[in-house]
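Colleague: Contents of protein25.txt (compact mmCIF, C-alpha atoms) are given next:
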```txt
# COMPACT_ATOMS: atom_id res chain seq x y z
CA MET Z 1 25.46 -2.52 18.00
CA ASP Z 2 26.94 -2.48 21.48
CA GLY Z 3 26.95 0.99 22.99
CA GLU Z 4 26.09 2.64 19.68
CA PRO Z 5 23.40 5.27 20.24
CA LEU Z 6 20.39 5.43 17.89
CA VAL Z 7 21.38 8.87 16.68
CA ARG Z 8 24.79 10.52 16.52
CA TRP Z 9 23.90 14.14 15.93
CA TYR Z 10 27.30 15.17 14.59
CA TRP Z 11 26.81 12.80 11.61
CA ILE Z 12 23.60 14.61 10.67
CA GLY Z 13 25.34 17.96 11.06
CA ASP Z 14 28.18 16.82 8.82
CA HIS Z 15 25.86 15.50 6.11
CA LEU Z 16 23.19 18.19 5.78
CA ALA Z 17 23.83 18.89 2.08
CA TYR Z 18 23.97 15.18 1.35
CA LEU Z 19 20.65 14.57 3.13
CA ARG Z 20 19.08 17.47 1.24
CA ASP Z 21 20.19 16.04 -2.13
CA LEU Z 22 18.85 12.59 -1.27
CA THR Z 23 15.52 14.11 -0.18
CA LEU Z 24 15.19 16.03 -3.46
CA ASP Z 25 16.07 12.92 -5.47
CA HIS Z 26 13.54 10.96 -3.43
CA ALA Z 27 10.83 13.56 -4.04
CA VAL Z 28 11.39 13.41 -7.81
CA ILE Z 29 11.43 9.59 -7.93
CA ALA Z 30 8.29 9.31 -5.80
CA LEU Z 31 6.14 12.26 -6.89
CA VAL Z 32 6.70 12.61 -10.64
CA PRO Z 33 5.02 9.19 -11.13
CA VAL Z 34 2.01 10.43 -9.14
CA LEU Z 35 1.72 13.48 -11.40
CA ILE Z 36 1.99 11.33 -14.53
CA ALA Z 37 -0.63 8.98 -13.08
CA LEU Z 38 -2.95 11.95 -12.46
CA LEU Z 39 -2.54 13.09 -16.08
CA ILE Z 40 -3.50 9.58 -17.22
CA ALA Z 41 -6.25 9.00 -14.64
CA VAL Z 42 -8.42 12.01 -15.59
CA PRO Z 43 -8.91 11.18 -19.30
CA LEU Z 44 -9.03 7.45 -18.54
CA GLY Z 45 -11.61 8.07 -15.81
CA LEU Z 46 -13.70 10.15 -18.21
CA ALA Z 47 -13.54 7.30 -20.73
CA CYS Z 48 -14.59 4.84 -18.02
CA VAL Z 49 -17.59 6.97 -17.04
CA ARG Z 50 -18.59 7.36 -20.69
CA PHE Z 51 -18.05 3.65 -21.48
CA PRO Z 52 -18.84 1.72 -18.27
CA ARG Z 53 -17.89 -1.57 -19.92
CA LEU Z 54 -14.29 -0.37 -20.01
CA TYR Z 55 -14.16 0.23 -16.28
CA HIS Z 56 -14.71 -3.25 -14.94
CA PRO Z 57 -11.83 -5.05 -16.72
CA LEU Z 58 -9.53 -2.05 -16.19
CA SER Z 59 -10.15 -1.92 -12.46
CA ALA Z 60 -9.64 -5.71 -12.22
CA VAL Z 61 -6.26 -5.38 -13.93
CA PHE Z 62 -5.21 -2.49 -11.70
CA ASN Z 63 -6.31 -4.40 -8.60
CA VAL Z 64 -3.90 -7.19 -9.50
CA VAL Z 65 -1.10 -4.78 -10.43
CA TYR Z 66 -1.53 -2.96 -7.13
CA ALA Z 67 -1.03 -6.19 -5.18
CA LEU Z 68 2.35 -6.96 -6.76
CA PRO Z 69 5.26 -6.48 -4.35
CA SER Z 70 7.34 -3.52 -5.49
CA LEU Z 71 10.73 -5.23 -5.28
CA ALA Z 72 9.54 -7.99 -7.62
CA VAL Z 73 8.21 -5.47 -10.15
CA PHE Z 74 11.41 -3.40 -10.07
CA VAL Z 75 13.44 -6.54 -10.77
CA VAL Z 76 11.23 -7.68 -13.64
CA LEU Z 77 11.72 -4.28 -15.31
CA ILE Z 78 15.52 -4.27 -15.05
CA PRO Z 79 16.07 -5.95 -18.47
CA TYR Z 80 14.09 -3.13 -20.11
CA THR Z 81 14.93 -0.03 -18.14
CA GLY Z 82 18.30 -0.94 -16.65
CA LEU Z 83 19.73 -1.50 -13.17
CA ALA Z 84 19.87 1.52 -10.84
CA THR Z 85 18.01 3.85 -13.22
CA ARG Z 86 15.23 6.17 -12.16
CA ALA Z 87 12.88 4.69 -14.76
CA THR Z 88 13.03 1.21 -13.20
CA VAL Z 89 11.58 2.65 -10.00
CA MET Z 90 9.34 5.32 -11.52
CA VAL Z 91 7.46 3.14 -14.02
CA PRO Z 92 6.01 0.77 -11.36
CA LEU Z 93 5.26 3.70 -9.05
CA THR Z 94 3.20 5.27 -11.86
CA PHE Z 95 1.12 2.11 -12.11
CA TYR Z 96 0.63 1.89 -8.33
CA ALA Z 97 -0.53 5.53 -8.26
CA LEU Z 98 -2.83 4.94 -11.23
CA ALA Z 99 -4.38 1.96 -9.44
CA VAL Z 100 -5.37 4.31 -6.60
CA LEU Z 101 -6.32 7.31 -8.75
CA LEU Z 102 -8.49 5.66 -11.40
CA PRO Z 103 -11.26 4.49 -9.02
CA THR Z 104 -11.24 7.78 -7.10
CA THR Z 105 -11.51 9.75 -10.39
CA VAL Z 106 -14.41 7.60 -11.55
CA ASP Z 107 -16.16 7.93 -8.18
CA GLY Z 108 -15.65 11.68 -8.29
CA LEU Z 109 -17.00 12.10 -11.80
CA ARG Z 110 -19.98 9.92 -10.92
CA SER Z 111 -20.69 11.94 -7.77
CA VAL Z 112 -22.56 14.58 -9.75
CA PRO Z 113 -26.30 13.91 -9.32
CA ASP Z 114 -28.30 13.52 -12.51
CA SER Z 115 -30.49 16.47 -11.58
CA VAL Z 116 -27.45 18.76 -11.44
CA ARG Z 117 -26.20 17.48 -14.77
CA GLN Z 118 -29.60 18.09 -16.34
CA ALA Z 119 -29.84 21.55 -14.79
CA ALA Z 120 -26.47 22.44 -16.33
CA THR Z 121 -27.63 21.22 -19.73
CA ALA Z 122 -30.89 23.14 -19.36
CA MET Z 123 -28.91 26.30 -18.66
CA GLY Z 124 -27.26 25.89 -22.03
CA TYR Z 125 -23.96 24.27 -21.00
CA GLY Z 126 -22.42 22.21 -23.79
CA PRO Z 127 -20.66 18.91 -22.93
CA TRP Z 128 -17.19 20.54 -22.61
CA HIS Z 129 -18.40 23.49 -20.59
CA ARG Z 130 -20.35 21.15 -18.31
CA LEU Z 131 -17.26 18.99 -17.87
CA SER Z 132 -15.00 21.90 -16.95
CA ALA Z 133 -17.54 23.85 -14.87
CA VAL Z 134 -19.51 21.08 -13.15
CA GLU Z 135 -18.11 17.57 -13.32
CA LEU Z 136 -14.37 18.16 -12.88
CA PRO Z 137 -14.79 20.60 -9.95
CA ALA Z 138 -17.13 18.11 -8.30
CA ALA Z 139 -14.43 15.45 -8.67
CA VAL Z 140 -11.69 17.58 -7.06
CA PRO Z 141 -12.27 16.47 -3.43
CA TYR Z 142 -12.23 12.83 -4.56
CA LEU Z 143 -9.12 13.37 -6.65
CA VAL Z 144 -7.30 15.01 -3.76
CA ALA Z 145 -8.30 12.17 -1.43
CA GLY Z 146 -6.87 9.70 -3.96
CA LEU Z 147 -3.76 11.81 -4.47
CA ARG Z 148 -3.09 11.83 -0.72
CA VAL Z 149 -3.10 8.03 -0.53
CA ALA Z 150 -1.12 7.67 -3.77
CA ALA Z 151 1.52 10.26 -2.89
CA VAL Z 152 2.20 9.07 0.65
CA SER Z 153 2.36 5.44 -0.53
CA SER Z 154 4.65 6.37 -3.39
CA ILE Z 155 7.05 8.18 -1.06
CA SER Z 156 7.45 5.18 1.21
CA LEU Z 157 7.52 2.70 -1.71
CA ALA Z 158 10.29 4.61 -3.51
CA ALA Z 159 12.71 3.75 -0.69
CA VAL Z 160 12.54 0.06 -1.66
CA GLY Z 161 14.20 1.10 -4.92
CA ALA Z 162 17.45 1.35 -2.96
CA LEU Z 163 17.68 -2.45 -3.16
CA ILE Z 164 18.14 -2.18 -6.93
CA GLY Z 165 20.42 0.84 -6.57
CA ARG Z 166 18.06 3.80 -6.96
CA GLY Z 167 15.89 4.72 -4.03
CA GLY Z 168 16.66 8.27 -2.93
CA LEU Z 169 16.56 8.29 0.86
CA GLY Z 170 16.33 4.50 0.81
CA TYR Z 171 20.07 4.46 0.25
CA LEU Z 172 20.49 5.59 3.87
CA PHE Z 173 18.96 2.29 5.05
CA ILE Z 174 21.41 0.22 3.00
CA ASP Z 175 24.33 2.39 4.10
CA GLY Z 176 23.41 2.26 7.79
CA PHE Z 177 22.74 -1.46 7.74
CA GLN Z 178 26.02 -2.33 6.04
CA ARG Z 179 28.01 -0.29 8.57
CA THR Z 180 25.88 -1.31 11.59
CA PHE Z 181 25.38 2.41 12.07
CA PRO Z 182 21.76 3.33 12.95
CA THR Z 183 22.06 7.13 12.54
CA PRO Z 184 21.52 7.15 8.73
CA ILE Z 185 18.61 4.72 9.09
CA VAL Z 186 16.85 6.84 11.69
CA SER Z 187 17.50 10.01 9.62
CA GLY Z 188 16.09 8.23 6.55
CA ILE Z 189 12.92 7.10 8.32
CA VAL Z 190 12.33 10.58 9.73
CA LEU Z 191 13.00 12.29 6.38
CA VAL Z 192 10.73 9.89 4.44
CA ALA Z 193 7.94 10.40 6.97
CA ALA Z 194 8.49 14.17 6.94
CA LEU Z 195 8.40 14.30 3.13
CA ALA Z 196 5.16 12.32 3.20
CA LEU Z 197 3.68 14.58 5.85
CA VAL Z 198 4.60 17.81 4.01
CA THR Z 199 3.20 16.45 0.74
CA ASP Z 200 -0.01 15.45 2.51
CA LEU Z 201 -0.38 18.90 4.07
CA LEU Z 202 0.21 20.59 0.70
CA LEU Z 203 -2.51 18.45 -0.85
CA VAL Z 204 -4.96 19.33 1.92
CA LEU Z 205 -4.10 22.99 1.35
CA ALA Z 206 -4.64 22.56 -2.41
CA ARG Z 207 -8.07 21.12 -1.72
CA ARG Z 208 -8.99 24.08 0.47
CA LEU Z 209 -8.01 26.43 -2.37
CA LEU Z 210 -9.52 24.47 -5.26
CA ALA Z 211 -12.64 23.17 -3.57
CA PRO Z 212 -13.40 25.39 -0.58
CA TRP Z 213 -16.94 23.98 -0.42
CA ALA Z 214 -15.65 20.52 0.46
CA VAL Z 215 -14.99 21.26 4.11
CA ARG Z 216 -15.58 17.67 5.14
CA ALA Z 217 -13.55 15.93 2.46
CA GLY Z 218 -13.40 12.87 4.64
CA ALA Z 219 -16.98 12.46 3.44
CA ALA Z 220 -15.63 12.05 -0.06
CA ARG Z 221 -13.97 8.79 0.77
CA MET D 1 19.89 -14.51 -22.86
CA ASN D 2 16.19 -13.95 -22.88
CA TRP D 3 13.39 -14.56 -20.42
CA ILE D 4 12.87 -18.22 -21.26
CA ASN D 5 16.56 -19.00 -20.87
CA TRP D 6 16.73 -17.12 -17.57
CA LEU D 7 13.71 -18.85 -16.12
CA ASN D 8 14.83 -22.22 -17.46
CA THR D 9 18.25 -21.82 -15.82
CA PHE D 10 16.60 -20.85 -12.55
CA PHE D 11 13.90 -23.48 -12.30
CA THR D 12 15.98 -26.45 -13.48
CA ALA D 13 19.03 -25.86 -11.25
CA PRO D 14 19.54 -28.80 -8.85
CA ALA D 15 19.65 -26.45 -5.84
CA ARG D 16 16.03 -25.46 -6.62
CA GLN D 17 14.76 -29.02 -6.40
CA SER D 18 15.74 -29.96 -2.85
CA GLY D 19 17.59 -28.62 0.18
CA PRO D 20 17.48 -25.23 1.94
CA ASP D 21 17.53 -23.21 -1.28
CA SER D 22 14.82 -25.26 -3.00
CA ILE D 23 11.71 -23.52 -4.27
CA ALA D 24 9.42 -25.56 -1.99
CA HIS D 25 11.47 -24.61 1.07
CA ARG D 26 11.63 -20.90 0.18
CA VAL D 27 7.89 -20.75 -0.55
CA GLY D 28 7.29 -22.43 2.81
CA GLU D 29 9.51 -19.90 4.62
CA HIS D 30 7.74 -17.04 2.90
CA LEU D 31 4.30 -18.37 3.82
CA VAL D 32 5.24 -19.02 7.47
CA LEU D 33 6.76 -15.54 7.87
CA SER D 34 3.84 -13.78 6.16
CA GLY D 35 1.28 -15.93 7.96
CA GLN D 36 2.80 -15.13 11.35
CA GLY D 37 2.85 -11.42 10.58
CA LEU D 38 -0.77 -11.46 9.41
CA LEU D 39 -1.89 -13.52 12.41
CA TYR D 40 -0.30 -11.19 14.98
CA ALA D 41 -1.61 -8.14 13.12
CA ALA D 42 -5.13 -9.64 13.12
CA VAL D 43 -4.99 -10.57 16.81
CA LEU D 44 -3.95 -7.01 17.60
CA ALA D 45 -6.07 -5.02 15.16
CA ILE D 46 -9.42 -6.82 14.91
CA PRO D 47 -10.49 -6.78 18.60
CA LEU D 48 -9.24 -3.21 18.97
CA GLY D 49 -11.06 -2.23 15.77
CA LEU D 50 -14.30 -3.82 16.99
CA LEU D 51 -14.09 -1.90 20.25
CA ILE D 52 -13.22 1.45 18.65
CA GLY D 53 -15.73 0.99 15.85
CA TYR D 54 -18.60 0.12 18.18
CA THR D 55 -17.97 2.77 20.83
CA GLY D 56 -16.78 5.39 18.35
CA ARG D 57 -14.05 6.41 20.80
CA GLY D 58 -10.60 6.96 19.40
CA ALA D 59 -11.66 6.79 15.75
CA VAL D 60 -9.83 10.06 15.06
CA ALA D 61 -6.67 8.67 16.63
CA VAL D 62 -6.94 5.61 14.37
CA THR D 63 -7.07 7.80 11.26
CA ALA D 64 -4.02 9.76 12.39
CA LEU D 65 -2.12 6.59 13.29
CA THR D 66 -2.80 5.05 9.89
CA GLY D 67 -1.56 8.16 8.15
CA VAL D 68 1.73 7.95 10.03
CA ALA D 69 2.06 4.17 9.51
CA ARG D 70 1.48 4.58 5.78
CA ALA D 71 4.36 7.05 5.57
CA LEU D 72 6.90 4.72 7.21
CA PRO D 73 9.37 3.12 4.80
CA THR D 74 9.46 -0.69 5.02
CA LEU D 75 13.16 -1.03 4.32
CA GLY D 76 14.03 1.50 7.03
CA LEU D 77 11.95 -0.27 9.68
CA VAL D 78 13.36 -3.68 8.73
CA THR D 79 17.01 -2.59 8.82
CA LEU D 80 16.57 -0.63 12.05
CA ALA D 81 14.76 -3.51 13.78
CA VAL D 82 17.57 -5.90 12.88
CA LEU D 83 20.31 -3.53 14.02
CA ILE D 84 18.56 -3.16 17.37
CA ALA D 85 17.34 -6.72 17.98
CA GLY D 86 19.63 -8.84 15.79
CA VAL D 87 18.61 -11.13 12.91
CA GLY D 88 15.71 -13.27 13.98
CA ASP D 89 11.99 -13.74 14.00
CA THR D 90 11.24 -11.09 16.63
CA ALA D 91 13.18 -8.42 14.78
CA ILE D 92 11.28 -9.04 11.59
CA LEU D 93 7.82 -9.57 13.06
CA LEU D 94 7.85 -6.08 14.55
CA PRO D 95 7.94 -4.21 11.21
CA LEU D 96 5.66 -6.80 9.60
CA VAL D 97 2.98 -6.24 12.22
CA ALA D 98 3.56 -2.48 12.32
CA LEU D 99 2.84 -2.28 8.60
CA ALA D 100 -0.02 -4.81 8.39
CA ALA D 101 -2.03 -3.84 11.48
CA PRO D 102 -3.03 -0.25 10.51
CA PRO D 103 -4.95 -1.07 7.29
CA LEU D 104 -6.70 -3.90 9.13
CA LEU D 105 -7.56 -1.64 12.05
CA VAL D 106 -9.03 1.04 9.78
CA ALA D 107 -11.04 -1.51 7.82
CA THR D 108 -12.50 -3.00 11.02
CA VAL D 109 -13.34 0.40 12.51
CA GLU D 110 -14.89 1.69 9.29
CA GLY D 111 -16.76 -1.57 8.76
CA ILE D 112 -18.37 -1.45 12.20
CA ARG D 113 -19.04 2.30 12.06
CA GLY D 114 -20.57 1.86 8.62
CA THR D 115 -23.40 -0.34 9.90
CA ASP D 116 -26.81 1.33 9.87
CA PRO D 117 -27.46 2.92 13.30
CA GLU D 118 -31.17 2.11 12.93
CA LEU D 119 -30.28 -1.58 12.71
CA ARG D 120 -28.34 -1.31 15.96
CA ASP D 121 -31.18 0.52 17.65
CA ALA D 122 -33.64 -2.07 16.41
CA ALA D 123 -31.45 -4.88 17.70
CA LEU D 124 -31.06 -3.16 21.09
CA GLY D 125 -34.80 -2.57 21.14
CA THR D 126 -35.56 -6.24 20.71
CA GLY D 127 -33.59 -6.84 23.90
CA LEU D 128 -30.15 -7.83 22.64
CA THR D 129 -27.21 -6.83 24.81
CA HIS D 130 -24.46 -4.61 23.39
CA ARG D 131 -22.22 -7.63 23.15
CA GLN D 132 -24.84 -9.49 21.13
CA VAL D 133 -25.46 -6.49 18.88
CA LEU D 134 -21.72 -6.21 18.18
CA PHE D 135 -21.14 -9.89 17.44
CA GLN D 136 -24.47 -10.89 15.87
CA VAL D 137 -25.42 -7.74 13.98
CA CYS D 138 -22.46 -5.44 13.40
CA LEU D 139 -19.72 -8.04 12.89
CA PRO D 140 -21.50 -9.99 10.12
CA LEU D 141 -22.35 -6.73 8.38
CA ALA D 142 -18.76 -5.53 8.66
CA LEU D 143 -17.36 -8.81 7.32
CA PRO D 144 -16.90 -7.65 3.70
CA ALA D 145 -14.94 -4.60 4.86
CA LEU D 146 -12.96 -6.73 7.31
CA LEU D 147 -12.00 -9.24 4.62
CA ALA D 148 -11.00 -6.40 2.30
CA GLY D 149 -8.77 -5.09 5.10
CA LEU D 150 -7.25 -8.53 5.61
CA ARG D 151 -6.50 -8.71 1.91
CA THR D 152 -4.69 -5.36 1.98
CA ALA D 153 -2.75 -6.49 5.03
CA ALA D 154 -1.82 -9.80 3.39
CA VAL D 155 -0.52 -8.05 0.30
CA GLN D 156 1.51 -5.71 2.49
CA VAL D 157 2.96 -8.57 4.52
CA ILE D 158 4.00 -10.61 1.47
CA ALA D 159 5.74 -7.58 -0.02
CA THR D 160 7.47 -6.72 3.26
CA ALA D 161 8.62 -10.32 3.73
CA THR D 162 10.29 -10.08 0.30
CA VAL D 163 12.21 -6.97 1.34
CA ALA D 164 13.14 -8.68 4.62
CA ALA D 165 15.47 -11.02 2.75
CA TYR D 166 17.87 -8.10 2.57
CA VAL D 167 18.65 -8.37 6.28
CA GLY D 168 19.31 -12.10 6.03
CA LEU D 169 15.93 -13.76 6.42
CA GLY D 170 14.65 -16.63 4.31
CA GLY D 171 11.71 -16.65 1.92
CA LEU D 172 11.45 -15.86 -1.76
CA GLY D 173 13.19 -12.51 -1.37
CA ARG D 174 16.42 -14.54 -0.84
CA TYR D 175 16.53 -15.39 -4.57
CA VAL D 176 16.01 -11.76 -5.52
CA ILE D 177 18.55 -10.29 -3.09
CA ASP D 178 21.20 -12.99 -3.54
CA GLY D 179 20.74 -12.84 -7.28
CA LEU D 180 21.33 -9.08 -7.28
CA ALA D 181 24.38 -9.45 -5.03
CA THR D 182 26.02 -12.17 -7.16
CA ARG D 183 24.84 -10.82 -10.53
CA ASP D 184 22.87 -14.03 -11.02
CA PHE D 185 20.05 -12.44 -12.92
CA ALA D 186 18.27 -15.74 -13.55
CA ALA D 187 17.75 -16.18 -9.79
CA THR D 188 16.62 -12.57 -9.33
CA LEU D 189 14.01 -12.84 -12.07
CA GLY D 190 12.88 -16.31 -11.02
CA GLY D 191 12.44 -15.15 -7.43
CA ALA D 192 10.53 -12.05 -8.53
CA LEU D 193 8.24 -14.19 -10.66
CA LEU D 194 7.53 -16.51 -7.72
CA VAL D 195 6.73 -13.53 -5.48
CA VAL D 196 4.35 -12.20 -8.13
CA LEU D 197 2.65 -15.60 -8.38
CA LEU D 198 2.30 -15.81 -4.60
CA ALA D 199 0.78 -12.31 -4.45
CA VAL D 200 -1.69 -13.08 -7.22
CA ALA D 201 -2.63 -16.42 -5.60
CA THR D 202 -3.30 -14.59 -2.32
CA GLN D 203 -5.52 -12.08 -4.12
CA LEU D 204 -7.44 -14.95 -5.72
CA LEU D 205 -7.83 -16.70 -2.36
CA PHE D 206 -9.35 -13.57 -0.85
CA ALA D 207 -11.58 -13.03 -3.89
CA VAL D 208 -12.93 -16.57 -3.37
CA LEU D 209 -13.30 -15.97 0.39
CA ILE D 210 -15.18 -12.73 -0.15
CA ARG D 211 -17.37 -14.44 -2.73
CA TYR D 212 -18.26 -17.58 -0.76
CA ALA D 213 -17.43 -17.19 2.94
CA LEU D 214 -19.91 -14.41 3.62
CA PRO D 215 -23.39 -14.89 5.10
CA ARG D 216 -26.01 -14.87 2.36
CA GLY D 217 -27.61 -11.63 3.50
CA VAL D 218 -24.27 -9.84 3.57
CA ARG D 219 -23.04 -11.10 0.23
CA ALA D 220 -25.46 -8.90 -1.68
CA GLN D 221 -23.95 -5.66 -0.47
CA ARG D 222 -20.68 -4.50 -1.97
CA ALA D 223 -17.66 -4.26 0.26
CA ALA D 224 -16.84 -0.62 0.71
CA ALA D 225 -13.10 -1.07 0.43
CA VAL D 226 -11.11 1.41 2.45
CA GLU D 227 -8.02 2.29 0.47
CA THR D 228 -5.12 2.74 2.83
CA GLY D 229 -2.08 2.62 0.61
CA ARG D 230 1.04 0.51 0.55
CA SER D 231 4.61 0.89 1.68
CA SER D 232 6.56 -1.98 0.09
```
Starting from the coordinates I provided, produce the structure as structure tokens.

Modeller:
Amino acid sequence: MDGEPLVRWYWIGDHLAYLRDLTLDHAVIALVPVLIALLIAVPLGLACVRFPRLYHPLSAVFNVVYALPSLAVFVVLIPYTGLATRATVMVPLTFYALAVLLPTTVDGLRSVPDSVRQAATAMGYGPWHRLSAVELPAAVPYLVAGLRVAAVSSISLAAVGALIGRGGLGYLFIDGFQRTFPTPIVSGIVLVAALALVTDLLLVLARRLLAPWAVRAGAAR
Amino acid sequence: MNWINWLNTFFTAPARQSGPDSIAHRVGEHLVLSGQGLLYAAVLAIPLGLLIGYTGRGAVAVTALTGVARALPTLGLVTLAVLIAGVGDTAILLPLVALAAPPLLVATVEGIRGTDPELRDAALGTGLTHRQVLFQVCLPLALPALLAGLRTAAVQVIATATVAAYVGLGGLGRYVIDGLATRDFAATLGGALLVVLLAVATQLLFAVLIRYALPRGVRAQRAAAVETGRSS
């Protein structure tokens, strides 16, 4: 890399549309799994709160799944979902996100004190009304805290997918490395970090709107 | 071909039994690389975490730093480090440590900060120095959180070491990357399976450590695991 600067600005200028497309692809690959995981985590978390015996084995399984290196999991899925397909990257990312979201959902649902629950029942709330008006809102700060970890992780994990041919911005790392040209790599790192940062900020904003009472959401973790 | 055939082809090949591409050699490389990364991360993060956790200074900066570190893509750091410093141990240890140190730092800080302030006051009141309070009261109490942080860091390091094979380093990622490059799917799958086994074995090791290596009084309390996310 003799004499090659870290960033050649003209390359970025020439490839703006390309970088935008990769960023959008990256956002879909990384964030759709988090949304799917959220849709699974809420009912599954409710089931775990209702049947505590379910929770222990489930969380043990997810603990192990979460520890599996992403590249290995992508590769193991190739025979089923194909090389260089979105599914091969998105299926494991869904499981990683679920491993983060399930415990936070359960913690959130359990955060309602018994006295509050009983007060709601005494006021004539049925189980569904209590769930939608008391328990789920109480879980929102926890859910958002979990979503922040899951989303940011997912965004940086998705780049590894480039090694099996589908990693959004991760492709810039392969491209730059093969050509000994650092500009795409630096652009990729910055764009991945920026995507993570923007997503994180949006989630914080969502929490302010959905749960304005949870000013210190750090306390939820 | 199915799974059994693939794995059979991989594990019975003569090259897997001895020499530089043997399973024993690759596992050894992976362990040395991951172990080095974890060691440097621990040497950097644990003392700093003890200091920040006990004094409470800079805790906000730690949270911000971890957020940024979590967002960094492993593959990008690895490729950039190698382009700048050339293939070698230094080039790879930098991203390894950069990705493993933050979760460990947060776990240490949170572990120390999580100790009951009344306990600290009581210990100071009985005439212990700050140093003694930190090492004899706070550190044992923070041990479950610290071990949980080490486990997260270990998982991160093993995963990153796998990705590092892409830039020409040894370890189990070699099988995966070379297999993908030469369309030798048996090697790719075999390598992935070995990585999975290594990750699970590491988890088990830490489960045993957390179960048995803690002081009796500390073992009763549950480790408040600080979830910090993953990047590879």

Colleague: Which polymer residues have any atom within 7 Å of an atom of range 111-120 of chain Z, counting all atoms listed in the file, with same-chain residues fewer than 6 positions away left out, as a PyMOL selection string?

Modeller: chain Z and resi 130+135+138

Colleague: Name the residues in contact with Ile40 in chain Z at a cut-off of 10 Å, using all atoms listed in the file, excluding same-chain residues fewer than 3 positions from it; report them as a PyMOL selection string.

Modeller: chain Z and resi 34-37+43-45+94+98+101-102

Colleague: List every residue of chain Z that has an atom at most 8 Å from any atom of chain D, giving for each one its closest atom pair and the distance in Å to one decimal, counting all atoms listed in the file, sorted by chain and then by ascending residue number, as a Markdown table.

Modeller:
```
| residue | atom | partner | partner_atom | distance |
| --- | --- | --- | --- | --- |
| Z:Met1 | CA | D:Leu83 | CA | 6.6 |
| Z:Val64 | CA | D:Val200 | CA | 6.7 |
| Z:Ala67 | CA | D:Val155 | CA | 5.8 |
| Z:Leu68 | CA | D:Val196 | CA | 5.8 |
| Z:Pro69 | CA | D:Ala159 | CA | 4.5 |
| Z:Ser70 | CA | D:Ser232 | CA | 5.8 |
| Z:Leu71 | CA | D:Val163 | CA | 7.0 |
| Z:Ala72 | CA | D:Ala192 | CA | 4.3 |
| Z:Val73 | CA | D:Ala192 | CA | 7.2 |
| Z:Val75 | CA | D:Leu189 | CA | 6.5 |
| Z:Val76 | CA | D:Leu189 | CA | 6.1 |
| Z:Val100 | CA | D:Glu227 | CA | 7.8 |
| Z:Val149 | CA | D:Gly229 | CA | 5.6 |
| Z:Ala150 | CA | D:Gly229 | CA | 6.8 |
| Z:Val152 | CA | D:Ala71 | CA | 5.7 |
| Z:Ser153 | CA | D:Arg230 | CA | 5.2 |
| Z:Ser154 | CA | D:Ser231 | CA | 7.5 |
| Z:Ile155 | CA | D:Ala71 | CA | 7.2 |
| Z:Ser156 | CA | D:Pro73 | CA | 4.6 |
| Z:Leu157 | CA | D:Ser231 | CA | 4.8 |
| Z:Ala159 | CA | D:Pro73 | CA | 6.5 |
| Z:Val160 | CA | D:Leu75 | CA | 6.1 |
| Z:Leu163 | CA | D:Ile177 | CA | 7.9 |
| Z:Ile164 | CA | D:Leu180 | CA | 7.6 |
| Z:Gly170 | CA | D:Leu75 | CA | 7.3 |
| Z:Phe173 | CA | D:Gly76 | CA | 5.4 |
| Z:Ile174 | CA | D:Thr79 | CA | 7.8 |
| Z:Phe177 | CA | D:Thr79 | CA | 5.9 |
| Z:Thr180 | CA | D:Leu83 | CA | 6.5 |
| Z:Pro182 | CA | D:Leu80 | CA | 6.6 |
| Z:Ile185 | CA | D:Gly76 | CA | 6.0 |
| Z:Val186 | CA | D:Leu80 | CA | 7.5 |
| Z:Gly188 | CA | D:Gly76 | CA | 7.1 |
| Z:Ile189 | CA | D:Gly76 | CA | 5.9 |
| Z:Val192 | CA | D:Pro73 | CA | 6.9 |
| Z:Ala193 | CA | D:Ala71 | CA | 5.1 |
| Z:Ala196 | CA | D:Ala71 | CA | 5.8 |
| Z:Leu197 | CA | D:Ala71 | CA | 7.6 |
```

Colleague: Please indicate the distance in Å from CA of Leu50 in chain D to CA of Ala64 in chain D, rounded to one decimal place.

Modeller: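 Going from CA of Leu50 in chain D over to CA of Ala64 in chain D covers 17.6 Å.
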
Colleague: Could you check the closest approach to His56 in chain Z for each of Z:Val106, Z:Ala17, Z:Leu83, Z:Leu77 and tell me which residue wins, using all atoms listed in the file?

Modeller: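 Selected residue with least distance to His56 in chain Z: Z:Val106.
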
Colleague: Quick one: distance from CA of Gly53 in chain D to CA of Ile112 in chain D in Å, one decimal?

Modeller: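 If I compute the distance from CA of Gly53 in chain D to CA of Ile112 in chain D, I get 5.1 Å.
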
Colleague: Counting only C-alpha atoms, which of D:Leu134, D:Leu93, D:Ala187, D:Leu209 gets nearest to Leu169 in chain D?

Modeller: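 Looking at the shortest contact to Leu169 in chain D, the residue is D:Leu93.
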
Colleague: Near Gly28 in chain D, within 10 Å and counting only C-alpha atoms, which residues show up once chain neighbours fewer than 5 positions away are dropped, as a VMD selection string?

Modeller: chain D and resid 22 to 23 33 to 34 170 to 172

Colleague: At a cut-off of 12 Å around the point (12.1, 2.4, -14.0) (file coordinates), what residues fall inside when counting only C-alpha atoms? I'd like the answer as a ChimeraX atom specification.

Modeller: /Z:29-30,33,70-71,73-95,158,161,164-167

Colleague: If I take CA of Val42 in chain Z and CA of Thr121 in chain Z, how far is one from the other in Å, to one decimal?

Modeller: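 Separating CA of Val42 in chain Z from CA of Thr121 in chain Z is a distance of 21.7 Å.
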